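Data file: model.csv. Format and content: CSV, C-alpha atoms and all ligand atoms.
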```
chain,number,residue,atom,x,y,z
R,194,MET,CA,-35.5,23.6,19.6
R,195,LYS,CA,-33.1,26.5,19.0
R,196,SER,CA,-31.8,27.4,15.5
R,197,GLY,CA,-28.2,28.4,15.0
R,198,LYS,CA,-29.3,32.0,14.7
R,199,GLU,CA,-31.1,31.9,18.1
R,200,ALA,CA,-28.0,30.3,19.6
R,201,ASP,CA,-26.0,33.4,18.4
R,202,ASN,CA,-28.6,35.6,20.1
R,203,ILE,CA,-29.1,37.5,16.9
R,204,PRO,CA,-32.6,38.7,16.4
R,205,ARG,CA,-34.3,37.9,13.1
R,206,ASN,CA,-37.2,40.3,13.3
R,207,GLY,CA,-35.8,43.8,13.8
R,208,TYR,CA,-35.8,43.6,17.6
R,209,SER,CA,-33.0,43.2,19.9
R,210,ARG,CA,-32.4,41.4,23.1
R,211,ARG,CA,-29.9,41.1,25.9
R,212,SER,CA,-27.1,38.6,25.4
R,213,GLY,CA,-25.1,38.5,28.6
R,214,MET,CA,-23.4,41.9,28.9
R,215,ALA,CA,-24.2,43.1,25.4
R,216,GLU,CA,-27.1,43.7,23.2
R,217,MET,CA,-27.3,43.2,19.4
R,218,VAL,CA,-29.3,45.8,17.6
R,219,GLU,CA,-30.4,45.3,14.0
R,220,VAL,CA,-29.6,48.2,11.8
R,221,CYS,CA,-30.6,47.5,8.2
R,222,ASP,CA,-29.7,45.5,5.1
R,223,VAL,CA,-26.1,45.9,3.8
R,224,ASN,CA,-27.6,46.8,0.4
R,225,ASP,CA,-29.3,49.8,2.1
R,226,LEU,CA,-26.0,51.2,3.3
R,227,PRO,CA,-23.7,51.6,0.2
R,228,SER,CA,-20.1,52.7,0.5
R,229,GLY,CA,-19.8,56.4,1.4
R,230,SER,CA,-23.2,56.5,3.2
R,231,MET,CA,-24.2,56.5,6.8
R,232,LYS,CA,-27.3,55.8,8.9
R,233,GLY,CA,-28.3,57.2,12.3
R,234,LEU,CA,-30.6,55.3,14.7
R,235,GLU,CA,-31.7,55.7,18.2
R,236,TYR,CA,-31.8,52.9,20.6
R,237,GLU,CA,-32.9,53.2,24.3
R,238,GLY,CA,-32.2,56.9,24.2
R,239,LYS,CA,-28.7,56.5,22.6
R,240,ARG,CA,-27.8,57.7,19.2
R,241,ILE,CA,-25.8,55.3,17.1
R,242,LEU,CA,-24.1,56.1,13.8
R,243,VAL,CA,-23.4,53.4,11.3
R,244,VAL,CA,-21.1,54.2,8.4
R,245,ASN,CA,-20.0,52.3,5.3
R,246,HIS,CA,-16.4,53.4,4.5
R,247,ASN,CA,-14.9,51.6,1.5
R,248,GLY,CA,-17.1,48.6,2.1
R,249,GLN,CA,-16.2,48.3,5.8
R,250,ILE,CA,-19.1,48.9,8.2
R,251,HIS,CA,-18.2,50.9,11.4
R,252,ALA,CA,-20.5,51.8,14.3
R,253,MET,CA,-20.0,54.5,16.8
R,254,ASP,CA,-21.8,56.8,19.3
R,255,GLY,CA,-24.0,59.1,17.2
R,256,THR,CA,-23.7,62.1,19.5
R,257,CYS,CA,-20.8,64.5,19.3
R,258,THR,CA,-18.5,64.4,22.3
R,259,HIS,CA,-18.4,68.2,22.5
R,260,GLU,CA,-22.1,68.9,22.9
R,261,GLU,CA,-25.3,67.2,22.1
R,262,ALA,CA,-25.2,67.4,18.3
R,263,ASP,CA,-26.6,64.5,16.2
R,264,LEU,CA,-23.8,63.4,13.9
R,265,SER,CA,-26.2,61.7,11.5
R,266,ILE,CA,-27.1,65.1,10.2
R,267,GLY,CA,-23.4,66.0,9.8
R,268,PHE,CA,-21.3,65.6,6.7
R,269,LEU,CA,-19.5,62.4,5.7
R,270,MET,CA,-16.4,62.8,3.5
R,271,GLU,CA,-14.1,59.8,3.1
R,272,ASN,CA,-13.3,58.6,6.6
R,273,ARG,CA,-14.4,61.8,8.4
R,274,ILE,CA,-17.7,62.8,9.9
R,275,THR,CA,-18.1,66.5,10.5
R,276,CYS,CA,-20.3,67.6,13.4
R,277,PRO,CA,-23.0,69.9,12.1
R,278,LEU,CA,-22.8,72.2,15.1
R,279,HIS,CA,-19.2,73.4,15.6
R,280,LEU,CA,-17.5,71.4,12.8
R,281,SER,CA,-15.2,69.1,14.7
R,282,GLN,CA,-14.3,66.0,12.7
R,283,PHE,CA,-14.1,62.4,13.8
R,284,ASP,CA,-12.4,59.5,12.1
R,285,VAL,CA,-15.2,57.0,11.5
R,286,THR,CA,-12.8,54.0,11.6
R,287,THR,CA,-11.3,54.8,15.0
R,288,GLY,CA,-13.6,57.4,16.6
R,289,GLU,CA,-10.7,59.8,17.1
R,290,ALA,CA,-11.5,63.5,17.4
R,291,LEU,CA,-9.4,65.2,14.6
R,292,ASN,CA,-9.9,68.9,15.4
R,293,PRO,CA,-11.3,71.1,18.2
R,294,PRO,CA,-13.5,71.9,19.9
R,295,ALA,CA,-14.2,68.2,20.4
R,296,THR,CA,-11.2,66.4,22.0
R,297,ILE,CA,-12.8,63.2,23.3
R,298,PRO,CA,-13.1,60.3,20.8
R,299,LEU,CA,-16.4,58.7,19.9
R,300,LYS,CA,-17.1,55.4,21.5
R,301,MET,CA,-16.9,52.6,18.8
R,302,PHE,CA,-19.2,49.6,18.8
R,303,ASN,CA,-18.6,46.1,17.3
R,304,VAL,CA,-20.5,45.3,14.1
R,305,LYS,CA,-21.7,41.9,13.0
R,306,ILE,CA,-22.9,41.0,9.5
R,307,GLN,CA,-25.2,38.0,9.5
R,308,GLY,CA,-26.6,37.1,6.1
R,309,SER,CA,-27.2,40.5,4.6
R,310,ARG,CA,-28.2,42.2,7.8
R,311,ILE,CA,-26.1,44.6,9.9
R,312,TYR,CA,-26.1,44.3,13.7
R,313,VAL,CA,-24.4,46.6,16.2
R,314,GLN,CA,-23.3,45.3,19.6
R,315,ILE,CA,-24.3,47.7,22.3
R,316,PRO,CA,-22.4,47.1,25.6
R,401,LIG,S1,-21.3,69.9,19.2
R,401,LIG,FE1,-19.9,68.9,17.8
R,401,LIG,S2,-18.2,70.2,17.7
R,401,LIG,FE2,-19.6,71.2,19.1
```
Mind converting the file's structure to C-alpha cells?
Ligand code: FES
Amino acid sequence: MKSGKEADNIPRNGYSRRSGMAEMVEVCDVNDLPSGSMKGLEYEGKRILVVNHNGQIHAMDGTCTHEEADLSIGFLMENRITCPLHLSQFDVTTGEALNPPATIPLKMFNVKIQGSRIYVQIP
C-alpha cells in the first residue's frame, strides 16, 4: 500500500527518483538554510544552487552561464549572486543575468517544501 508521500513521488530518505518527466531531489531541512544563505549541491553531474531570499526558497543552475564557475562559492547579497570568476551577477529570484560578461540567464527549477524538507524538481 502506498502512502500519500509515495503517491507524490517525493523521496523520504535523501534519494531521488524519476517521476514522469521530472525528478525530485532532496536538498536539506528548511532550518539548515536560513534567510540570506545558499547551498550548492551536485546531482548527476549538474550543479544546483538553492537560495533562501527573504524566506522564499529559489533553485537554479549552479554553474555560471559565462564559463564553468561554481556559483555556490560566489557571493550572495540580497537577491544577487555574484560569480566568483568574472563577477557577473544574477538575480536569484528570476535567474536574470544583471551585468556582463554573462548575458544568458540561469535556468530556474521548481522548489517544493514537504514537511520541513526542501526538494528541487529537476526536469
Ligand atoms: S565565469 Fe561567471 S562571469 Fe565569467
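Take atom CA of Leu226 of chain R and atom CA of Asn245 of chain R: the distance between them is 6.4 Å.
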Query raised in the report: For Pro227 of chain R, which residue out of R:Gly248, R:Gly308, R:Pro277, R:Gly267 is the nearest one, using only C-alpha atoms?
Result: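 Of R:Gly248, R:Gly308, R:Pro277, R:Gly267, the one nearest Pro227 of chain R, counting only C-alpha atoms, is R:Gly248.
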Requested in this report: Around ligand LIG 401 (chain R), at most 10 Å away and counting all atoms listed in the file, which residues are there? Put them as an MDAnalysis selection string, please.
Outcome: chainID R and resid 256:264 267 275:283 290 292:296
Query raised in the report: Near Lys232 of chain R, counting all atoms listed in the file, which residues have an atom at most 10 Å away, once you skip same-chain residues fewer than 4 positions from it, shown as a list in words?
Result: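 Once the adjacent positions are removed, what remains is Val220, Cys221, Asp225, Leu226, Ile241, Leu242, Val243, Val244, Asn245, Ala252, Gly255, Leu264, Ser265 and Ile266 of chain R.
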Write the selection just made, keeping C-alpha atoms, as a PDB file, keeping the file's coordinate frame?
```
ATOM      1  CA  VAL R 220     -29.600  48.200  11.800  1.00  0.00           C
ATOM      2  CA  CYS R 221     -30.600  47.500   8.200  1.00  0.00           C
ATOM      3  CA  ASP R 225     -29.300  49.800   2.100  1.00  0.00           C
ATOM      4  CA  LEU R 226     -26.000  51.200   3.300  1.00  0.00           C
ATOM      5  CA  ILE R 241     -25.800  55.300  17.100  1.00  0.00           C
ATOM      6  CA  LEU R 242     -24.100  56.100  13.800  1.00  0.00           C
ATOM      7  CA  VAL R 243     -23.400  53.400  11.300  1.00  0.00           C
ATOM      8  CA  VAL R 244     -21.100  54.200   8.400  1.00  0.00           C
ATOM      9  CA  ASN R 245     -20.000  52.300   5.300  1.00  0.00           C
ATOM     10  CA  ALA R 252     -20.500  51.800  14.300  1.00  0.00           C
ATOM     11  CA  GLY R 255     -24.000  59.100  17.200  1.00  0.00           C
ATOM     12  CA  LEU R 264     -23.800  63.400  13.900  1.00  0.00           C
ATOM     13  CA  SER R 265     -26.200  61.700  11.500  1.00  0.00           C
ATOM     14  CA  ILE R 266     -27.100  65.100  10.200  1.00  0.00           C
TER      15      ILE R 266
END
```
Query raised in the report: Rounded to one decimal in Å, what is the spacing between atom CA of Asp254 of chain R and atom CA of Lys300 of chain R?
Result: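 A separation of 5.4 Å between them.
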